[in-house]
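Novice: Got data_23.cif for you, mmCIF, C-alpha atoms:
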```cif
data_input
loop_
_atom_site.label_atom_id
_atom_site.label_comp_id
_atom_site.auth_asym_id
_atom_site.auth_seq_id
_atom_site.Cartn_x
_atom_site.Cartn_y
_atom_site.Cartn_z
CA MET A 254 14.08 -9.68 9.89
CA ALA A 255 13.03 -7.36 12.69
CA LEU A 256 14.83 -9.58 15.16
CA LEU A 257 18.13 -8.81 13.49
CA ARG A 258 17.82 -5.17 14.32
CA LYS A 259 19.89 -4.04 17.27
CA ASP A 260 17.40 -1.55 18.56
CA PRO A 261 13.81 -2.27 17.61
CA LYS A 262 12.70 1.06 19.07
CA SER A 263 14.75 2.94 16.48
CA GLU A 264 12.45 1.93 13.63
CA PRO A 265 9.54 4.30 14.39
CA THR A 266 12.03 7.14 14.83
CA GLU A 267 13.61 6.39 11.47
CA LYS A 268 10.23 6.33 9.82
CA TRP A 269 9.32 9.61 11.43
CA GLU A 270 12.58 11.14 10.31
CA ALA A 271 12.05 9.90 6.75
CA GLN A 272 8.56 11.39 6.67
CA LEU A 273 9.80 14.67 8.08
CA ARG A 274 12.57 14.84 5.50
CA LYS A 275 10.14 14.05 2.71
CA GLY A 276 7.73 16.71 3.90
CA CYS A 277 10.44 19.36 4.03
CA LEU A 278 12.05 18.49 0.71
CA GLU A 279 9.58 20.47 -1.36
CA LEU A 280 10.13 23.62 0.69
CA ALA A 281 13.90 23.14 0.56
CA ILE A 282 13.89 22.76 -3.23
CA LEU A 283 11.76 25.88 -3.68
CA ALA A 284 14.01 27.79 -1.25
CA CYS A 285 17.14 26.77 -3.21
CA LEU A 286 15.64 28.44 -6.27
CA TRP A 287 14.71 31.66 -4.47
CA ASP A 288 17.26 33.92 -6.15
CA GLN A 289 18.83 31.78 -8.86
CA ARG A 290 18.22 29.46 -11.77
CA LEU A 291 19.64 26.02 -11.11
CA TYR A 292 19.74 22.61 -12.74
CA GLY A 293 19.00 19.39 -10.90
CA LEU A 294 22.50 18.59 -9.70
CA GLU A 295 23.06 22.15 -8.44
CA ILE A 296 19.82 21.94 -6.47
CA LEU A 297 21.04 18.64 -5.02
CA ARG A 298 24.35 20.18 -4.06
CA GLY A 299 22.51 23.03 -2.36
CA LEU A 300 20.43 20.51 -0.44
CA GLU A 301 23.50 18.45 0.50
CA GLN A 302 25.31 21.50 1.83
CA ASN A 303 22.49 22.89 3.88
CA SER A 304 20.56 19.86 5.00
CA ASN A 305 20.53 16.10 4.93
CA LEU A 306 17.20 15.89 3.20
CA VAL A 307 17.95 13.76 0.17
CA LEU A 308 18.13 9.98 0.38
CA ALA A 309 18.21 8.93 -3.30
CA GLU A 310 19.35 11.62 -5.74
CA GLY A 311 17.02 10.47 -8.50
CA THR A 312 13.94 11.17 -6.42
CA VAL A 313 14.48 14.94 -6.59
CA TYR A 314 13.63 14.93 -10.30
CA PRO A 315 10.07 13.59 -9.96
CA ILE A 316 9.41 16.29 -7.36
CA LEU A 317 10.78 18.96 -9.70
CA ALA A 318 8.52 17.59 -12.46
CA ARG A 319 5.47 17.80 -10.21
CA LEU A 320 6.31 21.32 -8.98
CA LYS A 321 6.52 22.31 -12.63
CA GLU A 322 3.21 20.60 -13.36
CA ASP A 323 1.69 22.56 -10.46
CA GLY A 324 2.90 25.79 -12.04
CA LEU A 325 5.33 26.66 -9.23
CA LEU A 326 8.43 26.16 -11.39
CA GLN A 327 9.40 26.79 -14.96
CA SER A 328 12.21 25.02 -16.79
CA GLU A 329 14.34 25.31 -19.89
CA TRP A 330 17.10 23.29 -21.53
CA VAL A 331 20.28 25.33 -21.78
CA GLU A 332 23.37 24.41 -23.77
CA ALA A 333 26.38 24.43 -21.47
CA ASP A 334 30.15 24.40 -21.86
CA ALA A 335 30.08 20.88 -20.46
CA GLY A 336 29.12 19.63 -23.92
CA HIS A 337 25.60 18.61 -23.06
CA PRO A 338 22.51 20.67 -22.24
CA ARG A 339 21.16 20.98 -18.72
CA LYS A 340 17.62 21.58 -17.61
CA TYR A 341 17.43 24.76 -15.55
CA TYR A 342 14.60 25.53 -13.17
CA TRP A 343 13.35 28.79 -11.74
CA LEU A 344 10.42 29.97 -9.63
CA THR A 345 7.26 31.33 -11.26
CA ALA A 346 5.27 34.13 -9.61
CA PRO A 347 2.89 31.62 -7.92
CA GLY A 348 5.99 29.64 -6.91
CA ARG A 349 7.45 32.69 -5.19
CA GLN A 350 4.20 33.32 -3.34
CA LYS A 351 4.03 29.68 -2.34
CA VAL A 352 7.58 29.54 -0.97
CA VAL A 353 7.01 32.75 1.02
CA SER A 354 3.86 31.40 2.63
CA MET A 355 5.52 28.03 3.28
CA ALA A 356 8.54 29.73 4.85
CA GLN A 357 6.32 31.87 7.07
CA PHE A 358 4.36 28.85 8.18
CA TRP A 359 7.56 26.94 8.85
CA ASN A 360 8.94 29.81 10.91
CA SER A 361 6.02 30.07 13.30
CA PHE A 362 5.63 26.29 13.39
CA ALA A 363 9.29 25.76 14.29
CA ALA A 364 9.22 28.56 16.89
CA ASN A 365 6.22 27.02 18.64
CA LEU A 366 7.69 23.56 18.56
CA ASN A 367 11.07 24.80 19.78
CA SER A 368 9.52 26.45 22.81
CA LEU A 369 7.75 23.16 23.56
CA LEU A 370 11.00 21.26 23.18
CA LYS A 371 13.07 23.58 25.34
CA PRO A 372 12.45 21.76 28.64
CA VAL A 373 13.05 18.41 26.93
CA LEU A 374 16.38 19.49 25.51
CA ASN A 375 17.47 21.23 28.72
CA GLY A 376 16.67 18.10 30.66
CA LYS A 377 14.99 20.12 33.41
CA GLY A 378 11.72 19.43 35.18
CA ARG A 379 10.86 15.81 35.91
CA SER A 380 13.83 13.69 36.82
CA MET B 298 21.11 13.05 -27.36
CA ILE B 299 24.00 13.32 -24.99
CA ALA B 300 27.35 11.96 -26.04
CA MET B 301 27.44 9.61 -23.12
CA THR B 302 30.12 7.26 -22.02
CA SER B 303 29.02 3.94 -23.46
CA ASN B 304 29.27 2.05 -20.23
CA PRO B 305 27.00 -1.02 -20.46
CA MET B 306 25.99 -0.61 -16.82
CA ILE B 307 24.70 2.90 -17.50
CA GLU B 308 23.00 1.83 -20.71
CA SER B 309 21.17 -1.03 -19.02
CA TYR B 310 20.16 1.31 -16.18
CA PHE B 311 18.52 3.72 -18.63
CA ALA B 312 17.01 0.90 -20.67
CA ALA B 313 15.36 -0.32 -17.46
CA LEU B 314 14.22 3.23 -16.68
CA VAL B 315 12.63 3.63 -20.14
CA THR B 316 10.75 0.35 -19.65
CA GLN B 317 9.63 1.36 -16.18
CA LEU B 318 8.39 4.73 -17.42
CA SER B 319 6.44 3.25 -20.33
CA ASP B 320 3.17 4.69 -19.02
CA LEU B 321 4.42 8.26 -19.32
CA PRO B 322 3.80 10.03 -22.65
CA GLN B 323 6.75 9.64 -25.04
CA THR B 324 7.84 13.31 -24.97
CA LYS B 325 7.78 13.43 -21.19
CA ARG B 326 9.66 10.15 -20.92
CA ASP B 327 12.37 11.33 -23.31
CA ASP B 328 12.71 14.52 -21.30
CA VAL B 329 13.04 12.59 -18.02
CA VAL B 330 15.68 10.24 -19.43
CA ARG B 331 17.62 13.13 -20.96
CA GLU B 332 17.63 14.98 -17.64
CA LEU B 333 18.75 11.97 -15.60
CA ARG B 334 21.43 11.15 -18.18
CA ALA B 335 22.74 14.71 -17.86
CA HIS B 336 22.85 14.17 -14.09
CA VAL B 337 24.84 10.93 -14.39
CA PHE B 338 27.14 12.53 -16.94
CA ASP B 339 27.78 15.52 -14.65
CA ARG B 340 28.48 13.25 -11.71
CA LEU B 341 30.93 11.14 -13.70
CA GLU B 342 32.67 14.22 -15.05
CA GLN B 343 34.09 14.82 -11.60
CA VAL B 344 36.40 11.86 -12.19
CA THR B 345 38.80 11.94 -15.11
CA VAL B 346 38.44 8.34 -16.26
CA PRO B 347 35.26 6.80 -14.84
CA THR B 348 35.68 3.17 -13.87
CA ASP B 349 32.92 0.60 -13.43
CA ASP B 350 33.04 1.30 -9.72
CA ASP B 351 32.48 5.01 -10.31
CA CYS B 352 29.48 4.24 -12.49
CA ARG B 353 28.13 1.86 -9.90
CA THR B 354 28.48 4.49 -7.16
CA VAL B 355 26.79 7.19 -9.23
CA LEU B 356 23.89 4.91 -10.23
CA LYS B 357 23.50 3.70 -6.67
CA ALA B 358 23.28 7.26 -5.36
CA MET B 359 20.63 7.88 -7.99
CA GLY B 360 18.27 5.13 -6.74
CA THR B 361 16.94 2.17 -8.72
CA PRO B 362 14.98 2.71 -11.97
CA GLU B 363 11.98 1.10 -10.23
CA GLU B 364 12.14 3.59 -7.37
CA ILE B 365 12.51 6.59 -9.67
CA ALA B 366 9.70 5.41 -11.96
CA ARG B 367 7.48 4.82 -8.94
CA GLN B 368 8.16 8.36 -7.73
CA TYR B 369 7.29 9.78 -11.15
CA ARG B 370 4.11 7.76 -11.19
CA LEU B 371 3.15 8.99 -7.72
CA GLU B 372 4.08 12.61 -8.37
CA LEU B 373 2.80 13.03 -11.91
CA LEU B 374 0.07 10.54 -12.63
CA LEU B 375 -1.71 10.87 -9.30
CA ASN B 376 -1.47 14.61 -9.00
CA ARG B 377 -3.03 15.29 -12.35
CA SER B 378 -6.66 16.31 -12.18
CA ALA B 379 -9.05 13.40 -12.54
CA TRP B 380 -10.53 14.56 -15.83
CA ARG B 381 -7.13 14.71 -17.44
CA ILE B 382 -6.53 11.04 -16.75
CA SER B 383 -8.00 8.91 -19.48
CA PRO B 384 -9.44 5.53 -18.44
CA TRP B 385 -7.21 3.99 -21.10
CA ARG B 386 -4.05 5.37 -19.49
CA MET B 387 -5.29 4.39 -16.03
CA LEU B 388 -5.92 0.82 -17.15
CA ARG B 389 -2.53 0.63 -18.85
CA THR B 390 -0.81 1.73 -15.65
CA LEU B 391 -2.85 -0.71 -13.62
CA PHE B 392 -2.18 -3.52 -16.04
CA ARG B 393 1.52 -3.17 -15.29
CA TRP B 394 0.63 -3.62 -11.62
CA THR B 395 -1.17 -6.85 -12.26
CA LEU B 396 2.23 -8.30 -13.02
CA THR B 397 3.46 -7.39 -9.53
CA GLY B 398 0.95 -9.43 -7.59
CA ILE B 399 -2.57 -10.40 -6.66
CA GLN B 400 -3.47 -6.97 -5.21
CA GLY B 401 -2.66 -5.28 -8.49
CA TYR B 402 -4.69 -7.92 -10.33
CA ILE B 403 -7.77 -7.36 -8.15
CA VAL B 404 -7.55 -3.58 -8.56
CA PHE B 405 -7.21 -4.00 -12.32
CA VAL B 406 -10.29 -6.24 -12.55
CA LEU B 407 -12.36 -3.86 -10.39
CA ALA B 408 -11.22 -0.89 -12.45
CA LEU B 409 -12.10 -2.69 -15.66
CA MET B 410 -15.58 -3.43 -14.26
CA GLY B 411 -16.08 0.19 -13.21
CA TYR B 412 -15.06 1.57 -16.59
CA THR B 413 -17.10 -1.07 -18.44
CA LEU B 414 -20.17 -0.08 -16.43
CA GLY B 415 -19.53 3.58 -17.22
CA ALA B 416 -19.05 2.79 -20.90
CA SER B 417 -22.26 0.73 -21.07
CA PHE B 418 -24.26 3.70 -19.79
CA TYR B 419 -22.74 5.85 -22.55
CA ILE B 420 -23.63 3.17 -25.09
CA THR B 421 -27.27 2.98 -23.93
CA ALA B 422 -27.44 6.79 -24.18
CA LEU B 423 -26.35 6.49 -27.80
CA LEU B 424 -28.84 3.70 -28.49
CA LYS B 425 -31.85 5.40 -26.88
CA PRO B 426 -32.77 7.69 -29.84
CA PHE B 427 -32.69 4.71 -32.24
CA PHE B 428 -34.38 2.12 -30.00
CA PRO B 429 -36.66 4.20 -27.73
CA HIS B 430 -38.72 1.13 -26.75
CA ASN B 431 -35.79 -1.11 -25.93
CA VAL B 432 -33.63 1.28 -23.91
CA GLY B 433 -34.61 3.31 -20.84
CA VAL B 434 -35.50 2.81 -17.19
CA PHE B 435 -38.11 0.06 -17.01
CA ILE B 436 -39.66 -0.83 -13.66
CA SER B 437 -41.66 -4.03 -13.27
CA GLU B 438 -42.15 -6.84 -10.74
CA GLN B 439 -38.89 -8.28 -12.00
CA GLY B 440 -37.09 -5.16 -10.85
CA LEU B 441 -35.17 -2.57 -12.82
CA ASN B 442 -34.21 -3.01 -16.46
CA ILE B 443 -32.13 -0.74 -18.64
CA ALA B 444 -32.12 -2.42 -22.03
CA ARG B 445 -33.22 -5.60 -23.76
CA PHE B 446 -33.12 -6.79 -27.36
CA PRO B 447 -34.95 -7.68 -29.50
CA ASP B 448 -38.06 -7.59 -27.23
CA PRO B 449 -38.46 -4.51 -25.00
CA PRO B 450 -38.04 -5.07 -21.24
CA PRO B 451 -41.24 -5.55 -19.19
CA GLY B 452 -42.84 -2.67 -17.33
CA ALA B 453 -43.27 1.01 -18.08
CA GLU B 454 -40.44 3.25 -19.21
CA LEU B 455 -39.98 6.16 -16.80
CA LEU B 456 -37.70 8.74 -18.36
CA GLY B 457 -38.45 8.92 -22.10
CA ILE B 458 -35.89 10.95 -24.01
CA TYR B 459 -34.53 12.34 -20.70
CA TYR B 460 -32.83 8.97 -20.38
CA VAL B 461 -30.03 10.27 -22.64
CA PRO B 462 -28.71 13.05 -20.35
CA VAL B 463 -29.32 10.90 -17.26
CA ALA B 464 -27.36 7.96 -18.74
CA VAL B 465 -24.52 10.24 -19.82
CA PHE B 466 -24.40 11.69 -16.30
CA VAL B 467 -24.49 8.26 -14.60
CA GLY B 468 -21.83 6.97 -17.04
CA PHE B 469 -19.66 9.96 -16.20
CA LEU B 470 -20.16 9.34 -12.46
CA PHE B 471 -19.05 5.72 -12.84
CA THR B 472 -15.98 6.70 -14.87
CA LEU B 473 -15.01 9.48 -12.48
CA GLY B 474 -15.77 7.32 -9.43
CA THR B 475 -13.60 4.50 -10.76
CA THR B 476 -10.75 6.90 -11.52
CA LEU B 477 -10.94 8.46 -8.05
CA ALA B 478 -11.12 5.03 -6.41
CA ILE B 479 -8.07 3.85 -8.36
CA ARG B 480 -6.13 6.97 -7.38
CA PHE B 481 -7.02 6.36 -3.76
CA VAL B 482 -5.99 2.70 -3.88
CA VAL B 483 -2.81 3.36 -5.86
CA ARG B 484 -1.80 6.04 -3.41
CA HIS B 485 -2.50 3.68 -0.52
CA PHE B 486 -0.56 0.84 -2.12
CA GLY B 487 2.22 3.27 -2.98
CA LYS B 488 2.61 4.01 0.72
CA LEU B 489 2.44 0.32 1.57
CA LYS B 490 5.14 -0.46 -0.94
CA GLN B 491 7.27 2.33 0.44
CA LYS B 492 6.80 0.94 3.92
CA VAL B 493 7.85 -2.52 2.81
CA GLY B 494 10.82 -1.04 0.94
CA GLY B 495 11.81 1.01 4.00
CA MET B 496 11.57 -2.00 6.28
CA ALA B 497 13.67 -4.10 3.92
CA ALA B 498 16.29 -1.33 3.80
CA ALA B 499 16.33 -0.94 7.58
CA ALA B 500 16.51 -4.67 8.27
#
```
Take the structure I supplied and represent it as structure tokens, if you would.
Specialist:
Amino acid sequence: MALLRKDPKSEPTEKWEAQLRKGCLELAILACLWDQRLYGLEILRGLEQNSNLVLAEGTVYPILARLKEDGLLQSEWVEADAGHPRKYYWLTAPGRQKVVSMAQFWNSFAANLNSLLKPVLNGKGRS
Amino acid sequence: MIAMTSNPMIESYFAALVTQLSDLPQTKRDDVVRELRAHVFDRLEQVTVPTDDDCRTVLKAMGTPEEIARQYRLELLLNRSAWRISPWRMLRTLFRWTLTGIQGYIVFVLALMGYTLGASFYITALLKPFFPHNVGVFISEQGLNIARFPDPPPGAELLGIYYVPVAVFVGFLFTLGTTLAIRFVVRHFGKLKQKVGGMAAAA
């Protein structure tokens, strides 16, 4: 099967990208809920607009369930005009603390990495 | 229950999901299915008259029931604290794995052995007060003996009535150890499966 691939070198990169996406998904979901209560599909739309983090839509729900289990989120079924209820999620106090600390970590992490990547992206230095 | 479009494709999707999630508690499973149904319903609402193709697209974007169930299993079952996972539930989950291949079968048999060992220590702890001469830690030339009926094992008994707390503790260690080992293996296999799935998708 591997022989059919056009560029065999692309596989590790894809895997790395998938892992990176997966690792960031939790932070992105928590960030979506920072100042609003949302149901699953709204969270997905937020993620679609601002990132390309989600591969299969259904996989967001198990993560939401676990974040709730961990006490970072709370949820409630709300009757909607649509004719069927929707499950809304919002951040708990520990969830807010968690997303703040994650965001701070991300910020300094990204800044450090960006400064490392600068020469790479500018294409300067070694020829 | 949601008044859902009675598309057979959607119904069979959720029937498969219910089967796949059979190791979740009933209330949790109902909640999951209700939430995912609401999602599908919302997605389909964007089109006035959903066709089979629309349903197919929406379900495809969702991911397969197997994939979603696997994610739930990884996120919920494995992240729960060890003492909240009953051996019974663990074995039920593992038993489903035995159907997927030899690795699952081996893990199931090892888990069954671990839990049986744990349970037998609990049983000897219960028996000790009634059969103090038959149950205990007996050391002789033949080695170590825990229990023998109807004749007592050879050698001298070391612990006396302290055998009860010791056996309970050892039984607990075996049960906990087995649970932790299963969680480790399941997590490992989960990653392996994901890798295989990813490779199949990329190829």
Novice: Using 6 Å as the limit and counting only C-alpha atoms, can you tabulate each residue of chain A that touches chain B, with its shortest atom-to-atom distance in Å and the two atoms involved, as JSON lines?
Specialist:
```
{"residue": "A:Met254", "atom": "CA", "partner": "B:Ala500", "partner_atom": "CA", "distance": 5.8}
{"residue": "A:Ala309", "atom": "CA", "partner": "B:Gly360", "partner_atom": "CA", "distance": 5.1}
{"residue": "A:Glu310", "atom": "CA", "partner": "B:Met359", "partner_atom": "CA", "distance": 4.5}
{"residue": "A:Gly311", "atom": "CA", "partner": "B:Met359", "partner_atom": "CA", "distance": 4.5}
{"residue": "A:Thr312", "atom": "CA", "partner": "B:Ile365", "partner_atom": "CA", "distance": 5.8}
{"residue": "A:Pro315", "atom": "CA", "partner": "B:Tyr369", "partner_atom": "CA", "distance": 4.9}
{"residue": "A:Arg319", "atom": "CA", "partner": "B:Glu372", "partner_atom": "CA", "distance": 5.7}
{"residue": "A:His337", "atom": "CA", "partner": "B:Ile299", "partner_atom": "CA", "distance": 5.9}
```
Novice: With C-alpha atoms retained, could you export that selection as a PDB file, keeping the file's coordinate frame?
Specialist:
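As a result, part-v7.pdb now contains:
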```
ATOM      1  CA  MET A 254      14.080  -9.680   9.890  1.00  0.00           C
ATOM      2  CA  ALA A 309      18.210   8.930  -3.300  1.00  0.00           C
ATOM      3  CA  GLU A 310      19.350  11.620  -5.740  1.00  0.00           C
ATOM      4  CA  GLY A 311      17.020  10.470  -8.500  1.00  0.00           C
ATOM      5  CA  THR A 312      13.940  11.170  -6.420  1.00  0.00           C
ATOM      6  CA  PRO A 315      10.070  13.590  -9.960  1.00  0.00           C
ATOM      7  CA  ARG A 319       5.470  17.800 -10.210  1.00  0.00           C
ATOM      8  CA  HIS A 337      25.600  18.610 -23.060  1.00  0.00           C
TER       9      HIS A 337
END
```
Novice: When the PyMOL selection byres ((chain A and resi 343) around 10) is applied to the file above, which residues end up in the set, as a VMD selection string?
Specialist: chain A and resid 283 285 to 292 321 325 to 329 341 to 342 344 to 346 348 to 349
Novice: Would you output that residue set with C-alpha atoms, as a CSV table (one decimal), in the coordinates of the input?
Specialist:
```
chain,number,residue,atom,x,y,z
A,283,LEU,CA,11.8,25.9,-3.7
A,285,CYS,CA,17.1,26.8,-3.2
A,286,LEU,CA,15.6,28.4,-6.3
A,287,TRP,CA,14.7,31.7,-4.5
A,288,ASP,CA,17.3,33.9,-6.2
A,289,GLN,CA,18.8,31.8,-8.9
A,290,ARG,CA,18.2,29.5,-11.8
A,291,LEU,CA,19.6,26.0,-11.1
A,292,TYR,CA,19.7,22.6,-12.7
A,321,LYS,CA,6.5,22.3,-12.6
A,325,LEU,CA,5.3,26.7,-9.2
A,326,LEU,CA,8.4,26.2,-11.4
A,327,GLN,CA,9.4,26.8,-15.0
A,328,SER,CA,12.2,25.0,-16.8
A,329,GLU,CA,14.3,25.3,-19.9
A,341,TYR,CA,17.4,24.8,-15.6
A,342,TYR,CA,14.6,25.5,-13.2
A,344,LEU,CA,10.4,30.0,-9.6
A,345,THR,CA,7.3,31.3,-11.3
A,346,ALA,CA,5.3,34.1,-9.6
A,348,GLY,CA,6.0,29.6,-6.9
A,349,ARG,CA,7.4,32.7,-5.2
```
Novice: Just the number, please: distance in Å from CA of Phe418 (chain B) to CA of Arg480 (chain B), one decimal.
Specialist: 22.2 Å
Novice: Just the residues within 12 Å of Tyr459 (chain B), please, counting all atoms listed in the file, with nothing from its chain fewer than 3 positions along; format it as a ChimeraX atom specification.
Specialist: /B:422,425-426,429,432-434,454-456,462-466
Novice: One decimal, Å: what's the distance from CA of Tyr310 (chain B) over to CA of Leu341 (chain B), could you say?
Specialist: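 Straight-line distance from CA of Tyr310 (chain B) to CA of Leu341 (chain B) works out to 14.8 Å.
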Novice: Care to translate the PyMOL selection byres ((chain B and resi 320) around 10) into actual residues of this file, as a list in words?
Specialist: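 Those residues are Val315, Thr316, Gln317, Leu318, Ser319, Leu321, Pro322, Gln323, Arg326, Ala366, Arg370, Leu374, Arg386, Met387, Arg389, Thr390, Leu391 and Arg393 of chain B.
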Novice: Which value, in Å to one decimal, gives the distance between CA of Ala271 (chain A) and CA of Val373 (chain A)?
Specialist: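 That distance, rounded to one decimal, is 21.9 Å.
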Novice: Running the PyMOL selection byres ((chain B and resi 441) around 12) on this model by hand, what would come out? Give it as a VMD selection string.
Specialist: chain B and resid 432 to 440 442 to 445 450 to 455
Novice: I need every residue sitting at most 8 Å from the point (-22.5, 3.1, -17.2) (coordinates as in the file, all atoms listed in the file considered), written as a ChimeraX atom specification.
Specialist: /B:412-420,464-465,467-469,471-472
Novice: Kindly indicate which residue among A:Ala318, A:Gly324, A:Val353, A:Lys340 lies nearest to Leu294 (chain A), using only C-alpha atoms for the distances.
Specialist: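 Selected residue with least distance to Leu294 (chain A): A:Lys340.
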Novice: When you count only C-alpha atoms, which of these residues is closest to Lys351 (chain A): A:Glu270, A:Glu295, A:Asp323, A:Glu301?
Specialist: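 Selected residue with least distance to Lys351 (chain A): A:Asp323.
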Novice: Rank nothing, just name the residue among A:Lys371, A:Glu322, A:Trp359, A:Ala333 nearest to Gly276 (chain A), using all atoms listed in the file.
Specialist: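 The answer is A:Trp359, which sits nearest to Gly276 (chain A).
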